[in-house]
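Here's the structure we're looking at; comments come further down.
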Amino acid sequence: MSALPPGSTIGILGGGQLGRMLAIAASRLGFQVHIYSDTSGPAFDVAAGHTVGDYNDTGAIAAWAEKVDVVTYEFENVPLTAAAAAAAIKPVRPNARALEAAQDRLTEKRFIADLGLAVAPFAPVDDYESLETALNEIGTPAILKTRRLGYDGKGQARLTTDDDAKSALDTIAHAPAILEGYVEFECEISILLARAVDGSTACYDIPLNTHVNGILATSTIPGPLPDPMTEKAIDAASRVASALDYVGLITVEMFYAGENSDQPLIVNEFAPRVHNSGHWTLDACAVCQFENHIRAVAGWPIAATTRHSDAVMTNLIGADVNDWPTLAGEPNACLHLYGKNEARAGRKMGHITRLAPIAS
Ligand SMILES: Nc1ncnc2c1ncn2[C@@H]1O[C@H](COP(=O)(O)OP(=O)(O)O)[C@@H](O)[C@H]1O
Ligand SMILES: [Mg+2]
């Protein structure tokens with residue numbers, strides 16, 4: 001497929017805020033957008049086309065794929081059967097391999113480790129016996145994580161001693177899991193890398209990410225990495241992307257253990273999509289992560305990821321959004337609200353990016 005001309009239709013699986021911001025970016029380039037989601041969501045307000053259907057309804061997915069020119073997605077738990085049904089009709093970008101690798105933490109960790117990149121020690125856990133074996137191998141502190149469907153720190157249990165084994169299994173409802181050794185990191189970062197159909201790549205500056213209750217709270221740019229580490233981090237993300245023959249924006253989450261550590265950069269996980277830790281690119285860069293994702297999936301060249309401002313992105317979670325009248329009046333701040341009506345606890349309602357001139 002050559003580059004899609006403006007006027008073509010981008011199909012997006014998923015109707016949340018990421019789909020919304022992708023749709024806005026797509027429309028800026030003259031594309032139409034058709035969302036497929038199992039429920040009406042924030043993306044529906046800004047897309048000309050939307051279909052509500054089950055993600056497991058391959059017939060409905062195929063019928064929807066007929067109406068679009070390329071298919072992408074805004075969440076990594078798109079069923080592989082849905083991706084295959086769409087791929088039989090139109091190109092799916094990023095491809096299903098990226099989904100498959102990202103959907104299961106065990107597959108994901110093995111894939112990353114096989115690329116020669118550092119990961120936390122890990123072992124599969126299916127029951128109490130395998131957890132005991134894993135604990136003998138890895139020790140404590142450790143984290144037990146469900147293999148599938150975990151997000152924002154959900155589906156995880158921390159083990160301080162071996163005595164926590166039973167309660168940890170209860171916490172994750174005895175789902176298939178992996179045990180990971182606890183990494184003593186200095187901070188968390190994420191690499192936002194866009195890769196075009198021809199394999200060319202561009203990377204955004206690397207933010208420092210903080211979490212509260214397992215949910216991303218802030219992303220700060222510039223982040224903490226000195227230049228040689230930045231190169232290593234970008235190289236690691238490029239290897240992940242090229243091994244997947246990836247097209248689109250990929251996010252690789254890493255722990256940074258400091259320059260003097262034996263393993264300064266430890267890859268935690270990757271998301272085959274645009275990411276909350278890249279929202280600052282909307283306001284601090286010439287071209288944001290959403291547009292570069294759309295450019296890549298449409299077969300266009302990646303645009304410059306150059307940053308023109310320093311920035312701190314703060315998520316507005318739950319009732320935080322009720323401060324909008326104050327936030328709306330802040331100078332040098334860009335407010336983004338996702339159009340969700342109910343400000344439930346833990347729900348991402350919007351974000352604000354505070355800009356400052358680049359400190360020299
Ligand atoms: N092996 C680990 N060592 C130390 N902290 C970890 C480890 N794994 C996860 N965490 C912490 O838990 C958070 C959520 O875990 P993560 O693997 O990123 O799952 P999620 O899919 O929920 O984002 C991470 O951002 C990090 O703060
Ligand atoms: Mg994570």
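In the structure tokens, chains take the letters A, B, ... in the order shown, each chain's residues start at 1, and ligands count up from 1 in the order shown.
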
Find the residues near range 233-246 of chain A: any atom within 6 Å, counting only C-alpha atoms, skip ones fewer than 2 places away on the same chain, and give them as a PDB file with C-alpha atoms, in the first residue's frame.
```
ATOM      1  CA  PRO A  94       0.781  -1.971  14.111  1.00  0.00           C
ATOM      2  CA  THR A 230      19.496   8.349  26.045  1.00  0.00           C
ATOM      3  CA  GLU A 231      21.246   6.694  23.129  1.00  0.00           C
TER       4      GLU A 231
END
```

Write out as a ChimeraX atom specification the set of residues from range 187-228 of chain A that DSSP, computed on the backbone, places in strand (DSSP E).
/A:187-195,201-203,208-212,215-221

Surroundings of ligand 2 up to 9 Å, based on only C-alpha atoms and all ligand atoms, as a PyMOL selection string:
chain A and resi 150-153+214-216+253-254+268-271

Compile the contact shell of His275 in chain A as an MDAnalysis selection string: residues with an atom at most 9 Å away, counting only C-alpha atoms, same-chain residues fewer than 2 positions apart removed.
chainID A and resid 18 74 192 249:251 271:273 277:279 289

Do you know which residues are at most 9 Å from Ala26 in chain A counting only C-alpha atoms, after dropping those on the same chain fewer than 3 positions away, and could you put them as number ranges by chain?
A: 10, 21-23, 29-33, 290-291, 294-295

Any chance you could export the current selection's C-alpha atoms as a compact mmCIF listing (two decimals), in the first residue's frame?
```
# COMPACT_ATOMS: atom_id res chain seq x y z
CA ILE A 10 -8.52 5.60 9.23
CA MET A 21 -6.73 12.35 20.34
CA LEU A 22 -5.76 10.08 17.40
CA ALA A 23 -8.96 11.09 15.59
CA LEU A 29 -4.23 15.80 8.09
CA GLY A 30 -7.49 15.62 6.15
CA PHE A 31 -8.37 12.02 7.00
CA GLN A 32 -11.77 10.70 7.94
CA VAL A 33 -11.97 8.50 11.03
CA PHE A 290 -0.87 11.10 17.82
CA GLU A 291 -0.07 12.67 14.47
CA ILE A 294 -1.43 8.40 12.14
CA ARG A 295 1.32 9.39 9.69
```

Report as a list of chain:residue names all protein, DNA and RNA residues lying within 6 Å of range 155-170 of chain A, evaluated on only C-alpha atoms, omitting residues in the same chain fewer than 4 positions from it.
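With the cut-off at 6 Å, the set is A:Thr140, A:Pro141, A:Ala142, A:Ile143, A:Leu144, A:Lys145, A:Thr146, A:Gly150, A:His174.
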
Just checking: using only C-alpha atoms, which residue out of A:Asn276, A:Asn341, A:Thr171, A:Thr218 ends up closest to Arg354 in chain A?
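For Arg354 in chain A, the nearest of the candidates is A:Thr218.
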
Here is a test: counting only C-alpha atoms and all ligand atoms, which residue of A:Ala3, A:Ala88, A:Ile191, A:Ile266 is nearest to ligand 1?
A:Ile266

Given only C-alpha atoms and all ligand atoms as the basis, pick out the residue of A:Leu115, A:Leu4, A:Ile178, A:Ala173 nearest to ligand 1.
A:Ile178

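Among A:Gly41, A:Pro79, A:Gly299, A:Gly181, the residue with the shortest atom-to-atom distance to Gly16 in chain A, counting only C-alpha atoms, is A:Gly41.
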
Just the residues within 10 Å of Asn95 in chain A, please, counting only C-alpha atoms, with nothing from its chain fewer than 3 positions along; format it as a PyMOL selection string.
chain A and resi 71-72+83-84+87+91-92+98-100+244-248+272

So that I can see what lies close to Trp64 in chain A, please list as a VMD selection string the residues with an atom at most 9 Å from it, counting only C-alpha atoms and leaving out residues fewer than 6 positions away in the same chain.
chain A and resid 11 34 36 51 86

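When only C-alpha atoms and all ligand atoms are used to compute distances to ligand 1, the closest of the residues A:Gly7, A:Gly53, A:Pro121, A:Pro176 turns out to be A:Pro121.
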